[in-house]
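Everything below concerns the one structure shown next.
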Amino acid sequence: MKFFSRLSIQSKLMLMLLAVSIASILVISYVGYTSGKEVILDNIHGQITELRNSRARQVQSYFNYVKNHAITLAEDPTVIEAMKSFTDSFNQLENEEVTTNMTSEIWLFYQKYFIPRLQINVDGNPTISRYFPEDKISRYLQYYYLVKNPYDLENKKLLDMAKDGSEYSKIHQKFNSFFRSITTRFDYNNLFLVDSETGNIVYSVHKDTGFATSLKSGHYSNSGAADLFETLQNNRERGAFDVIDFRAFRPSYGQPVAFIGSPIFQKSNLIGILLLQLPVDEINRIMTGNFQWKKDGLGKTGETILVGSDYFMRSQSRFLVEKPEQYFKELEKQNII
């Protein structure tokens, strides 16, 4: 205070003006910082919101595309012809012999290839008898298209004609490359033709333990594919469609699988159901921006994920992709696994 009292009036005025200027600068800086922060946060929030909305639109667009494709395929003359031909030739196999040796080889196939892979994805201890085909036709076709198929487990679809001399195999040779091309070009995991009356899967591109079994009765009658079949079977309207959300599917070794389907009509008669097994890879590609998070403005940790009505994820987490070990350790800490 003594120092201030000794100053001249001019000096005092200058100090007062300097103090007011500094205070003004501080106030203006604070206001600018606060406003700028709010603007930046609003911009970031807007960017993230728009990215979320964009992802949602892309997923909706994808499912709308697949829906239209399923309906179009179900109305395609080639698909209608194939459905009728496969059903007729499938039923003719009732007269074919299934020997004890054939049954034994099928059992060994399940023991060596199916059960070990299934055990990785399901709880408990799955047994062969729980999934072994009961039906004579199922065993016959699985013997020739699974057990005796010369291609490896991932490429059974490449066999166009089994060496059994049946009418079914002639039909299979005629249509298999056509349906295989559809799944390859449009990236479907599988394509099923299902008899609308019996629920028999009379044809599938990828041959697995669900091939030639029934969705109406038997081991896979409680699956998502079976629920979709029942819905479309009861609908009986041309151009109908439905979707089943991702659920564990035993023929796919217990992995989560989603299906979309549409009924197949010959004139006014419902003769079958077309089921398409949807790829989870396409949904992951959409939700991750083809794994380009930084380019999408999500920085080092941002991500968009798809969550179902059951609150389970339908797409991969960024942290699972980039740091899988750390991701699982964190899940263990949270007592999730």
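Residues are named by chain letter and number: chains run A, B, ... in the order of the structure tokens, numbers start at 1 in each chain, and ligands are numbered from 1 in the order shown.
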Quick one: residues within 6 Å of range 270-282 of chain A, only C-alpha atoms, excluding same-chain residues fewer than 3 positions away - as a list in words?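 Residues near the query, excluding close chain neighbours: Tyr188, Asn189, Asn190, Leu191, Phe192, Leu193, Val194, Asp195, Ser196, Ala258, Phe259, Ile260, Gly261, Ser262, Pro263, Ile264, Phe265 and Arg285 of chain A.
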Got time to write the residues from that selection, N, CA and C atoms, as a PDB file, in the first residue's frame?
ATOM      1  N   TYR A 188     -22.700 -65.130 -49.231  1.00  0.00           N
ATOM      2  CA  TYR A 188     -23.523 -65.811 -48.235  1.00  0.00           C
ATOM      3  C   TYR A 188     -22.739 -67.006 -47.689  1.00  0.00           C
ATOM      4  N   ASN A 189     -22.935 -67.295 -46.422  1.00  0.00           N
ATOM      5  CA  ASN A 189     -22.244 -68.446 -45.839  1.00  0.00           C
ATOM      6  C   ASN A 189     -22.828 -69.766 -46.315  1.00  0.00           C
ATOM      7  N   ASN A 190     -24.132 -69.758 -46.609  1.00  0.00           N
ATOM      8  CA  ASN A 190     -24.762 -70.980 -47.104  1.00  0.00           C
ATOM      9  C   ASN A 190     -26.111 -70.637 -47.710  1.00  0.00           C
ATOM     10  N   LEU A 191     -26.645 -71.580 -48.451  1.00  0.00           N
ATOM     11  CA  LEU A 191     -27.963 -71.460 -49.064  1.00  0.00           C
ATOM     12  C   LEU A 191     -28.670 -72.803 -48.939  1.00  0.00           C
ATOM     13  N   PHE A 192     -29.883 -72.786 -48.391  1.00  0.00           N
ATOM     14  CA  PHE A 192     -30.659 -74.009 -48.184  1.00  0.00           C
ATOM     15  C   PHE A 192     -31.919 -73.988 -49.034  1.00  0.00           C
ATOM     16  N   LEU A 193     -32.286 -75.157 -49.567  1.00  0.00           N
ATOM     17  CA  LEU A 193     -33.603 -75.383 -50.129  1.00  0.00           C
ATOM     18  C   LEU A 193     -34.306 -76.381 -49.214  1.00  0.00           C
ATOM     19  N   VAL A 194     -35.445 -75.973 -48.664  1.00  0.00           N
ATOM     20  CA  VAL A 194     -36.127 -76.783 -47.649  1.00  0.00           C
ATOM     21  C   VAL A 194     -37.514 -77.173 -48.146  1.00  0.00           C
ATOM     22  N   ASP A 195     -37.833 -78.454 -48.076  1.00  0.00           N
ATOM     23  CA  ASP A 195     -39.157 -78.960 -48.440  1.00  0.00           C
ATOM     24  C   ASP A 195     -40.191 -78.335 -47.511  1.00  0.00           C
ATOM     25  N   SER A 196     -41.176 -77.640 -48.067  1.00  0.00           N
ATOM     26  CA  SER A 196     -42.152 -76.903 -47.261  1.00  0.00           C
ATOM     27  C   SER A 196     -43.055 -77.805 -46.434  1.00  0.00           C
ATOM     28  N   ALA A 258     -27.148 -66.046 -38.559  1.00  0.00           N
ATOM     29  CA  ALA A 258     -28.419 -65.383 -38.869  1.00  0.00           C
ATOM     30  C   ALA A 258     -28.905 -65.862 -40.232  1.00  0.00           C
ATOM     31  N   PHE A 259     -30.231 -65.925 -40.384  1.00  0.00           N
ATOM     32  CA  PHE A 259     -30.830 -66.380 -41.638  1.00  0.00           C
ATOM     33  C   PHE A 259     -31.879 -65.387 -42.118  1.00  0.00           C
ATOM     34  N   ILE A 260     -32.013 -65.303 -43.430  1.00  0.00           N
ATOM     35  CA  ILE A 260     -33.141 -64.614 -44.044  1.00  0.00           C
ATOM     36  C   ILE A 260     -33.740 -65.589 -45.048  1.00  0.00           C
ATOM     37  N   GLY A 261     -35.068 -65.573 -45.184  1.00  0.00           N
ATOM     38  CA  GLY A 261     -35.693 -66.554 -46.058  1.00  0.00           C
ATOM     39  C   GLY A 261     -36.928 -66.036 -46.757  1.00  0.00           C
ATOM     40  N   SER A 262     -37.347 -66.779 -47.773  1.00  0.00           N
ATOM     41  CA  SER A 262     -38.543 -66.433 -48.544  1.00  0.00           C
ATOM     42  C   SER A 262     -39.150 -67.721 -49.101  1.00  0.00           C
ATOM     43  N   PRO A 263     -40.479 -67.805 -49.185  1.00  0.00           N
ATOM     44  CA  PRO A 263     -41.121 -69.018 -49.700  1.00  0.00           C
ATOM     45  C   PRO A 263     -40.983 -69.151 -51.212  1.00  0.00           C
ATOM     46  N   ILE A 264     -40.938 -70.404 -51.668  1.00  0.00           N
ATOM     47  CA  ILE A 264     -40.840 -70.707 -53.096  1.00  0.00           C
ATOM     48  C   ILE A 264     -42.171 -71.297 -53.555  1.00  0.00           C
ATOM     49  N   PHE A 265     -42.770 -70.660 -54.566  1.00  0.00           N
ATOM     50  CA  PHE A 265     -44.056 -71.119 -55.094  1.00  0.00           C
ATOM     51  C   PHE A 265     -43.895 -71.638 -56.514  1.00  0.00           C
ATOM     52  N   ARG A 285     -17.642 -55.470 -41.282  1.00  0.00           N
ATOM     53  CA  ARG A 285     -17.031 -54.511 -42.207  1.00  0.00           C
ATOM     54  C   ARG A 285     -17.741 -53.163 -42.128  1.00  0.00           C
TER      55      ARG A 285
END
Hey, what's within 12 Å of Asp296 in chain A if we count only C-alpha atoms and toss same-chain stuff fewer than 2 positions away? As a PyMOL selection string, please? chain A and resi 44+47-48+50-52+54-55+286-294+298-304
Please list as a PDB file with all heavy atoms, in the first residue's frame every residue within 12 Å of Phe90 in chain A, counting only C-alpha atoms and excluding residues in the same chain fewer than 4 positions away.
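This is the output file result-v1.pdb:
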ATOM      1  N   ALA A  82     -35.266 -76.120 -59.470  1.00  0.00           N
ATOM      2  CA  ALA A  82     -34.352 -76.852 -58.589  1.00  0.00           C
ATOM      3  C   ALA A  82     -35.070 -77.349 -57.337  1.00  0.00           C
ATOM      4  O   ALA A  82     -34.869 -78.493 -56.909  1.00  0.00           O
ATOM      5  CB  ALA A  82     -33.179 -75.957 -58.196  1.00  0.00           C
ATOM      6  N   MET A  83     -35.916 -76.503 -56.770  1.00  0.00           N
ATOM      7  CA  MET A  83     -36.651 -76.893 -55.565  1.00  0.00           C
ATOM      8  C   MET A  83     -37.499 -78.131 -55.822  1.00  0.00           C
ATOM      9  O   MET A  83     -37.508 -79.081 -55.041  1.00  0.00           O
ATOM     10  CB  MET A  83     -37.535 -75.715 -55.120  1.00  0.00           C
ATOM     11  CG  MET A  83     -38.287 -75.956 -53.812  1.00  0.00           C
ATOM     12  SD  MET A  83     -37.244 -75.887 -52.349  1.00  0.00           S
ATOM     13  CE  MET A  83     -37.322 -77.607 -51.816  1.00  0.00           C
ATOM     14  N   LYS A  84     -38.234 -78.125 -56.916  1.00  0.00           N
ATOM     15  CA  LYS A  84     -39.097 -79.256 -57.266  1.00  0.00           C
ATOM     16  C   LYS A  84     -38.261 -80.506 -57.559  1.00  0.00           C
ATOM     17  O   LYS A  84     -38.575 -81.614 -57.074  1.00  0.00           O
ATOM     18  CB  LYS A  84     -39.932 -78.898 -58.495  1.00  0.00           C
ATOM     19  CG  LYS A  84     -40.948 -79.950 -58.909  1.00  0.00           C
ATOM     20  CD  LYS A  84     -42.073 -80.063 -57.888  1.00  0.00           C
ATOM     21  CE  LYS A  84     -43.235 -80.898 -58.401  1.00  0.00           C
ATOM     22  NZ  LYS A  84     -42.865 -82.289 -58.715  1.00  0.00           N
ATOM     23  N   SER A  85     -37.183 -80.344 -58.318  1.00  0.00           N
ATOM     24  CA  SER A  85     -36.353 -81.489 -58.700  1.00  0.00           C
ATOM     25  C   SER A  85     -35.647 -82.107 -57.501  1.00  0.00           C
ATOM     26  O   SER A  85     -35.584 -83.338 -57.362  1.00  0.00           O
ATOM     27  CB  SER A  85     -35.322 -81.059 -59.743  1.00  0.00           C
ATOM     28  OG  SER A  85     -35.944 -80.570 -60.917  1.00  0.00           O
ATOM     29  N   PHE A  86     -35.103 -81.270 -56.629  1.00  0.00           N
ATOM     30  CA  PHE A  86     -34.415 -81.790 -55.452  1.00  0.00           C
ATOM     31  C   PHE A  86     -35.383 -82.512 -54.518  1.00  0.00           C
ATOM     32  O   PHE A  86     -35.057 -83.566 -53.968  1.00  0.00           O
ATOM     33  CB  PHE A  86     -33.712 -80.658 -54.692  1.00  0.00           C
ATOM     34  CG  PHE A  86     -32.326 -80.358 -55.197  1.00  0.00           C
ATOM     35  CD1 PHE A  86     -32.014 -79.116 -55.726  1.00  0.00           C
ATOM     36  CD2 PHE A  86     -31.321 -81.311 -55.124  1.00  0.00           C
ATOM     37  CE1 PHE A  86     -30.737 -78.830 -56.188  1.00  0.00           C
ATOM     38  CE2 PHE A  86     -30.036 -81.048 -55.581  1.00  0.00           C
ATOM     39  CZ  PHE A  86     -29.744 -79.798 -56.122  1.00  0.00           C
ATOM     40  N   GLU A  94     -35.452 -93.020 -50.561  1.00  0.00           N
ATOM     41  CA  GLU A  94     -35.991 -93.889 -49.520  1.00  0.00           C
ATOM     42  C   GLU A  94     -35.733 -95.361 -49.850  1.00  0.00           C
ATOM     43  O   GLU A  94     -35.617 -96.206 -48.953  1.00  0.00           O
ATOM     44  CB  GLU A  94     -37.492 -93.641 -49.358  1.00  0.00           C
ATOM     45  CG  GLU A  94     -38.132 -94.412 -48.220  1.00  0.00           C
ATOM     46  CD  GLU A  94     -37.591 -94.016 -46.859  1.00  0.00           C
ATOM     47  OE1 GLU A  94     -37.390 -92.806 -46.620  1.00  0.00           O
ATOM     48  OE2 GLU A  94     -37.351 -94.931 -46.047  1.00  0.00           O
ATOM     49  N   ASN A  95     -35.617 -95.648 -51.121  1.00  0.00           N
ATOM     50  CA  ASN A  95     -35.415 -97.038 -51.559  1.00  0.00           C
ATOM     51  C   ASN A  95     -33.947 -97.450 -51.607  1.00  0.00           C
ATOM     52  O   ASN A  95     -33.634 -98.610 -51.873  1.00  0.00           O
ATOM     53  CB  ASN A  95     -36.046 -97.250 -52.938  1.00  0.00           C
ATOM     54  CG  ASN A  95     -37.546 -96.998 -52.928  1.00  0.00           C
ATOM     55  OD1 ASN A  95     -38.231 -97.379 -51.974  1.00  0.00           O
ATOM     56  ND2 ASN A  95     -38.063 -96.350 -53.974  1.00  0.00           N
ATOM     57  N   GLU A  96     -33.035 -96.498 -51.374  1.00  0.00           N
ATOM     58  CA  GLU A  96     -31.608 -96.812 -51.432  1.00  0.00           C
ATOM     59  C   GLU A  96     -31.142 -97.485 -50.132  1.00  0.00           C
ATOM     60  O   GLU A  96     -31.680 -97.237 -49.053  1.00  0.00           O
ATOM     61  CB  GLU A  96     -30.792 -95.542 -51.664  1.00  0.00           C
ATOM     62  CG  GLU A  96     -31.083 -94.848 -52.988  1.00  0.00           C
ATOM     63  CD  GLU A  96     -30.638 -95.647 -54.194  1.00  0.00           C
ATOM     64  OE1 GLU A  96     -29.763 -96.529 -54.035  1.00  0.00           O
ATOM     65  OE2 GLU A  96     -31.175 -95.417 -55.290  1.00  0.00           O
ATOM     66  N   LYS A 136     -32.915 -92.464 -42.728  1.00  0.00           N
ATOM     67  CA  LYS A 136     -32.180 -93.250 -43.716  1.00  0.00           C
ATOM     68  C   LYS A 136     -31.644 -92.378 -44.849  1.00  0.00           C
ATOM     69  O   LYS A 136     -30.480 -92.499 -45.262  1.00  0.00           O
ATOM     70  CB  LYS A 136     -33.094 -94.335 -44.280  1.00  0.00           C
ATOM     71  CG  LYS A 136     -32.450 -95.222 -45.335  1.00  0.00           C
ATOM     72  CD  LYS A 136     -33.445 -96.251 -45.843  1.00  0.00           C
ATOM     73  CE  LYS A 136     -32.836 -97.124 -46.928  1.00  0.00           C
ATOM     74  NZ  LYS A 136     -33.814 -98.114 -47.450  1.00  0.00           N
ATOM     75  N   ILE A 137     -32.475 -91.465 -45.374  1.00  0.00           N
ATOM     76  CA  ILE A 137     -32.040 -90.598 -46.474  1.00  0.00           C
ATOM     77  C   ILE A 137     -30.930 -89.661 -46.012  1.00  0.00           C
ATOM     78  O   ILE A 137     -29.971 -89.398 -46.744  1.00  0.00           O
ATOM     79  CB  ILE A 137     -33.229 -89.804 -47.047  1.00  0.00           C
ATOM     80  CG1 ILE A 137     -34.271 -90.753 -47.626  1.00  0.00           C
ATOM     81  CG2 ILE A 137     -32.763 -88.809 -48.107  1.00  0.00           C
ATOM     82  CD1 ILE A 137     -35.524 -90.066 -48.164  1.00  0.00           C
ATOM     83  N   SER A 138     -31.055 -89.152 -44.789  1.00  0.00           N
ATOM     84  CA  SER A 138     -30.018 -88.271 -44.236  1.00  0.00           C
ATOM     85  C   SER A 138     -28.676 -88.977 -44.204  1.00  0.00           C
ATOM     86  O   SER A 138     -27.643 -88.430 -44.601  1.00  0.00           O
ATOM     87  CB  SER A 138     -30.400 -87.821 -42.825  1.00  0.00           C
ATOM     88  OG  SER A 138     -31.604 -87.106 -42.827  1.00  0.00           O
ATOM     89  N   TYR A 140     -27.752 -91.590 -45.968  1.00  0.00           N
ATOM     90  CA  TYR A 140     -27.327 -91.893 -47.331  1.00  0.00           C
ATOM     91  C   TYR A 140     -26.617 -90.687 -47.955  1.00  0.00           C
ATOM     92  O   TYR A 140     -25.498 -90.813 -48.483  1.00  0.00           O
ATOM     93  CB  TYR A 140     -28.539 -92.290 -48.174  1.00  0.00           C
ATOM     94  CG  TYR A 140     -28.205 -92.623 -49.619  1.00  0.00           C
ATOM     95  CD1 TYR A 140     -27.865 -93.921 -49.994  1.00  0.00           C
ATOM     96  CD2 TYR A 140     -28.216 -91.638 -50.612  1.00  0.00           C
ATOM     97  CE1 TYR A 140     -27.550 -94.236 -51.315  1.00  0.00           C
ATOM     98  CE2 TYR A 140     -27.910 -91.937 -51.927  1.00  0.00           C
ATOM     99  CZ  TYR A 140     -27.573 -93.235 -52.275  1.00  0.00           C
ATOM    100  OH  TYR A 140     -27.258 -93.532 -53.581  1.00  0.00           O
ATOM    101  N   LEU A 141     -27.259 -89.530 -47.895  1.00  0.00           N
ATOM    102  CA  LEU A 141     -26.681 -88.342 -48.524  1.00  0.00           C
ATOM    103  C   LEU A 141     -25.453 -87.837 -47.780  1.00  0.00           C
ATOM    104  O   LEU A 141     -24.484 -87.379 -48.401  1.00  0.00           O
ATOM    105  CB  LEU A 141     -27.729 -87.238 -48.632  1.00  0.00           C
ATOM    106  CG  LEU A 141     -28.786 -87.454 -49.713  1.00  0.00           C
ATOM    107  CD1 LEU A 141     -29.844 -86.354 -49.660  1.00  0.00           C
ATOM    108  CD2 LEU A 141     -28.155 -87.507 -51.105  1.00  0.00           C
ATOM    109  N   SER A 166     -27.397 -92.080 -58.365  1.00  0.00           N
ATOM    110  CA  SER A 166     -28.797 -91.746 -58.072  1.00  0.00           C
ATOM    111  C   SER A 166     -29.290 -90.578 -58.919  1.00  0.00           C
ATOM    112  O   SER A 166     -28.499 -89.779 -59.445  1.00  0.00           O
ATOM    113  CB  SER A 166     -28.951 -91.386 -56.597  1.00  0.00           C
ATOM    114  OG  SER A 166     -28.280 -90.174 -56.308  1.00  0.00           O
ATOM    115  N   GLU A 167     -30.610 -90.466 -59.039  1.00  0.00           N
ATOM    116  CA  GLU A 167     -31.222 -89.327 -59.721  1.00  0.00           C
ATOM    117  C   GLU A 167     -30.904 -88.047 -58.972  1.00  0.00           C
ATOM    118  O   GLU A 167     -30.709 -86.992 -59.570  1.00  0.00           O
ATOM    119  CB  GLU A 167     -32.739 -89.534 -59.809  1.00  0.00           C
ATOM    120  CG  GLU A 167     -33.489 -88.409 -60.517  1.00  0.00           C
ATOM    121  CD  GLU A 167     -33.124 -88.274 -61.996  1.00  0.00           C
ATOM    122  OE1 GLU A 167     -32.607 -89.261 -62.571  1.00  0.00           O
ATOM    123  OE2 GLU A 167     -33.340 -87.187 -62.554  1.00  0.00           O
ATOM    124  N   TYR A 168     -30.838 -88.142 -57.645  1.00  0.00           N
ATOM    125  CA  TYR A 168     -30.516 -86.969 -56.830  1.00  0.00           C
ATOM    126  C   TYR A 168     -29.167 -86.379 -57.248  1.00  0.00           C
ATOM    127  O   TYR A 168     -29.032 -85.163 -57.408  1.00  0.00           O
ATOM    128  CB  TYR A 168     -30.483 -87.325 -55.345  1.00  0.00           C
ATOM    129  CG  TYR A 168     -30.155 -86.132 -54.471  1.00  0.00           C
ATOM    130  CD1 TYR A 168     -31.158 -85.334 -53.953  1.00  0.00           C
ATOM    131  CD2 TYR A 168     -28.829 -85.784 -54.201  1.00  0.00           C
ATOM    132  CE1 TYR A 168     -30.856 -84.219 -53.181  1.00  0.00           C
ATOM    133  CE2 TYR A 168     -28.518 -84.680 -53.436  1.00  0.00           C
ATOM    134  CZ  TYR A 168     -29.535 -83.896 -52.923  1.00  0.00           C
ATOM    135  OH  TYR A 168     -29.229 -82.781 -52.177  1.00  0.00           O
ATOM    136  N   SER A 169     -28.175 -87.227 -57.422  1.00  0.00           N
ATOM    137  CA  SER A 169     -26.843 -86.729 -57.773  1.00  0.00           C
ATOM    138  C   SER A 169     -26.810 -86.106 -59.166  1.00  0.00           C
ATOM    139  O   SER A 169     -26.037 -85.177 -59.421  1.00  0.00           O
ATOM    140  CB  SER A 169     -25.810 -87.852 -57.663  1.00  0.00           C
ATOM    141  OG  SER A 169     -25.580 -88.174 -56.307  1.00  0.00           O
ATOM    142  N   LYS A 170     -27.662 -86.600 -60.063  1.00  0.00           N
ATOM    143  CA  LYS A 170     -27.768 -85.977 -61.383  1.00  0.00           C
ATOM    144  C   LYS A 170     -28.343 -84.563 -61.267  1.00  0.00           C
ATOM    145  O   LYS A 170     -27.891 -83.627 -61.937  1.00  0.00           O
ATOM    146  CB  LYS A 170     -28.637 -86.830 -62.296  1.00  0.00           C
ATOM    147  CG  LYS A 170     -28.041 -88.193 -62.638  1.00  0.00           C
ATOM    148  CD  LYS A 170     -28.999 -89.025 -63.475  1.00  0.00           C
ATOM    149  CE  LYS A 170     -28.427 -90.410 -63.748  1.00  0.00           C
ATOM    150  NZ  LYS A 170     -29.391 -91.264 -64.503  1.00  0.00           N
ATOM    151  N   ILE A 171     -29.347 -84.421 -60.416  1.00  0.00           N
ATOM    152  CA  ILE A 171     -29.948 -83.104 -60.166  1.00  0.00           C
ATOM    153  C   ILE A 171     -28.924 -82.199 -59.489  1.00  0.00           C
ATOM    154  O   ILE A 171     -28.797 -81.017 -59.810  1.00  0.00           O
ATOM    155  CB  ILE A 171     -31.208 -83.240 -59.284  1.00  0.00           C
ATOM    156  CG1 ILE A 171     -32.274 -84.095 -59.985  1.00  0.00           C
ATOM    157  CG2 ILE A 171     -31.761 -81.870 -58.917  1.00  0.00           C
ATOM    158  CD1 ILE A 171     -32.762 -83.534 -61.297  1.00  0.00           C
ATOM    159  N   HIS A 172     -28.186 -82.757 -58.553  1.00  0.00           N
ATOM    160  CA  HIS A 172     -27.166 -81.990 -57.830  1.00  0.00           C
ATOM    161  C   HIS A 172     -26.104 -81.460 -58.792  1.00  0.00           C
ATOM    162  O   HIS A 172     -25.683 -80.296 -58.695  1.00  0.00           O
ATOM    163  CB  HIS A 172     -26.517 -82.873 -56.765  1.00  0.00           C
ATOM    164  CG  HIS A 172     -25.693 -82.131 -55.766  1.00  0.00           C
ATOM    165  ND1 HIS A 172     -24.388 -81.766 -56.010  1.00  0.00           N
ATOM    166  CD2 HIS A 172     -25.980 -81.663 -54.522  1.00  0.00           C
ATOM    167  CE1 HIS A 172     -23.903 -81.126 -54.960  1.00  0.00           C
ATOM    168  NE2 HIS A 172     -24.849 -81.050 -54.045  1.00  0.00           N
ATOM    169  N   LEU A 193     -32.286 -75.157 -49.567  1.00  0.00           N
ATOM    170  CA  LEU A 193     -33.603 -75.383 -50.129  1.00  0.00           C
ATOM    171  C   LEU A 193     -34.306 -76.381 -49.214  1.00  0.00           C
ATOM    172  O   LEU A 193     -33.801 -77.494 -49.001  1.00  0.00           O
ATOM    173  CB  LEU A 193     -33.508 -75.938 -51.551  1.00  0.00           C
ATOM    174  CG  LEU A 193     -32.861 -75.033 -52.609  1.00  0.00           C
ATOM    175  CD1 LEU A 193     -32.863 -75.734 -53.966  1.00  0.00           C
ATOM    176  CD2 LEU A 193     -33.579 -73.685 -52.712  1.00  0.00           C
ATOM    177  N   VAL A 194     -35.445 -75.973 -48.664  1.00  0.00           N
ATOM    178  CA  VAL A 194     -36.127 -76.783 -47.649  1.00  0.00           C
ATOM    179  C   VAL A 194     -37.514 -77.173 -48.146  1.00  0.00           C
ATOM    180  O   VAL A 194     -38.296 -76.311 -48.589  1.00  0.00           O
ATOM    181  CB  VAL A 194     -36.255 -76.002 -46.317  1.00  0.00           C
ATOM    182  CG1 VAL A 194     -36.794 -76.913 -45.223  1.00  0.00           C
ATOM    183  CG2 VAL A 194     -34.903 -75.412 -45.911  1.00  0.00           C
ATOM    184  N   ASP A 195     -37.833 -78.454 -48.076  1.00  0.00           N
ATOM    185  CA  ASP A 195     -39.157 -78.960 -48.440  1.00  0.00           C
ATOM    186  C   ASP A 195     -40.191 -78.335 -47.511  1.00  0.00           C
ATOM    187  O   ASP A 195     -40.095 -78.459 -46.283  1.00  0.00           O
ATOM    188  CB  ASP A 195     -39.164 -80.487 -48.296  1.00  0.00           C
ATOM    189  CG  ASP A 195     -40.476 -81.120 -48.743  1.00  0.00           C
ATOM    190  OD1 ASP A 195     -41.483 -80.409 -48.867  1.00  0.00           O
ATOM    191  OD2 ASP A 195     -40.494 -82.350 -48.957  1.00  0.00           O
ATOM    192  N   THR A 198     -42.158 -81.269 -45.282  1.00  0.00           N
ATOM    193  CA  THR A 198     -41.426 -82.104 -44.318  1.00  0.00           C
ATOM    194  C   THR A 198     -40.379 -81.344 -43.515  1.00  0.00           C
ATOM    195  O   THR A 198     -39.939 -81.803 -42.461  1.00  0.00           O
ATOM    196  CB  THR A 198     -40.714 -83.250 -45.048  1.00  0.00           C
ATOM    197  OG1 THR A 198     -39.729 -82.687 -45.942  1.00  0.00           O
ATOM    198  CG2 THR A 198     -41.701 -84.081 -45.854  1.00  0.00           C
ATOM    199  N   ASN A 200     -37.433 -80.990 -44.638  1.00  0.00           N
ATOM    200  CA  ASN A 200     -36.140 -81.581 -45.015  1.00  0.00           C
ATOM    201  C   ASN A 200     -35.290 -80.573 -45.789  1.00  0.00           C
ATOM    202  O   ASN A 200     -35.777 -79.924 -46.724  1.00  0.00           O
ATOM    203  CB  ASN A 200     -36.347 -82.818 -45.893  1.00  0.00           C
ATOM    204  CG  ASN A 200     -36.933 -83.981 -45.128  1.00  0.00           C
ATOM    205  OD1 ASN A 200     -36.640 -84.161 -43.948  1.00  0.00           O
ATOM    206  ND2 ASN A 200     -37.764 -84.766 -45.791  1.00  0.00           N
ATOM    207  N   ILE A 201     -34.034 -80.464 -45.393  1.00  0.00           N
ATOM    208  CA  ILE A 201     -33.085 -79.653 -46.158  1.00  0.00           C
ATOM    209  C   ILE A 201     -32.646 -80.520 -47.339  1.00  0.00           C
ATOM    210  O   ILE A 201     -31.712 -81.315 -47.236  1.00  0.00           O
ATOM    211  CB  ILE A 201     -31.879 -79.236 -45.305  1.00  0.00           C
ATOM    212  CG1 ILE A 201     -32.338 -78.415 -44.108  1.00  0.00           C
ATOM    213  CG2 ILE A 201     -30.880 -78.429 -46.144  1.00  0.00           C
ATOM    214  CD1 ILE A 201     -31.231 -78.063 -43.128  1.00  0.00           C
ATOM    215  N   VAL A 202     -33.332 -80.376 -48.461  1.00  0.00           N
ATOM    216  CA  VAL A 202     -33.080 -81.253 -49.609  1.00  0.00           C
ATOM    217  C   VAL A 202     -31.834 -80.834 -50.376  1.00  0.00           C
ATOM    218  O   VAL A 202     -31.314 -81.602 -51.198  1.00  0.00           O
ATOM    219  CB  VAL A 202     -34.304 -81.298 -50.556  1.00  0.00           C
ATOM    220  CG1 VAL A 202     -35.515 -81.873 -49.826  1.00  0.00           C
ATOM    221  CG2 VAL A 202     -34.633 -79.910 -51.105  1.00  0.00           C
ATOM    222  N   TYR A 203     -31.343 -79.622 -50.104  1.00  0.00           N
ATOM    223  CA  TYR A 203     -30.103 -79.169 -50.748  1.00  0.00           C
ATOM    224  C   TYR A 203     -29.483 -78.061 -49.910  1.00  0.00           C
ATOM    225  O   TYR A 203     -30.187 -77.219 -49.324  1.00  0.00           O
ATOM    226  CB  TYR A 203     -30.361 -78.630 -52.154  1.00  0.00           C
ATOM    227  CG  TYR A 203     -29.139 -77.960 -52.747  1.00  0.00           C
ATOM    228  CD1 TYR A 203     -28.110 -78.713 -53.311  1.00  0.00           C
ATOM    229  CD2 TYR A 203     -28.987 -76.573 -52.698  1.00  0.00           C
ATOM    230  CE1 TYR A 203     -26.964 -78.104 -53.810  1.00  0.00           C
ATOM    231  CE2 TYR A 203     -27.849 -75.966 -53.199  1.00  0.00           C
ATOM    232  CZ  TYR A 203     -26.836 -76.727 -53.755  1.00  0.00           C
ATOM    233  OH  TYR A 203     -25.700 -76.133 -54.237  1.00  0.00           O
ATOM    234  N   PHE A 211     -27.053 -80.868 -43.433  1.00  0.00           N
ATOM    235  CA  PHE A 211     -27.471 -81.264 -44.775  1.00  0.00           C
ATOM    236  C   PHE A 211     -28.300 -82.547 -44.726  1.00  0.00           C
ATOM    237  O   PHE A 211     -27.947 -83.521 -44.070  1.00  0.00           O
ATOM    238  CB  PHE A 211     -26.237 -81.475 -45.658  1.00  0.00           C
ATOM    239  CG  PHE A 211     -26.513 -82.098 -46.999  1.00  0.00           C
ATOM    240  CD1 PHE A 211     -27.394 -81.504 -47.889  1.00  0.00           C
ATOM    241  CD2 PHE A 211     -25.893 -83.281 -47.369  1.00  0.00           C
ATOM    242  CE1 PHE A 211     -27.650 -82.083 -49.127  1.00  0.00           C
ATOM    243  CE2 PHE A 211     -26.132 -83.865 -48.600  1.00  0.00           C
ATOM    244  CZ  PHE A 211     -27.028 -83.261 -49.481  1.00  0.00           C
ATOM    245  N   ALA A 212     -29.438 -82.528 -45.422  1.00  0.00           N
ATOM    246  CA  ALA A 212     -30.340 -83.680 -45.561  1.00  0.00           C
ATOM    247  C   ALA A 212     -31.095 -84.018 -44.273  1.00  0.00           C
ATOM    248  O   ALA A 212     -31.747 -85.049 -44.203  1.00  0.00           O
ATOM    249  CB  ALA A 212     -29.587 -84.902 -46.067  1.00  0.00           C
ATOM    250  N   THR A 213     -31.013 -83.154 -43.245  1.00  0.00           N
ATOM    251  CA  THR A 213     -31.801 -83.373 -42.028  1.00  0.00           C
ATOM    252  C   THR A 213     -33.077 -82.540 -42.103  1.00  0.00           C
ATOM    253  O   THR A 213     -33.290 -81.776 -43.050  1.00  0.00           O
ATOM    254  CB  THR A 213     -31.003 -82.982 -40.774  1.00  0.00           C
ATOM    255  OG1 THR A 213     -30.708 -81.578 -40.814  1.00  0.00           O
ATOM    256  CG2 THR A 213     -29.701 -83.764 -40.693  1.00  0.00           C
TER     257      THR A 213
END
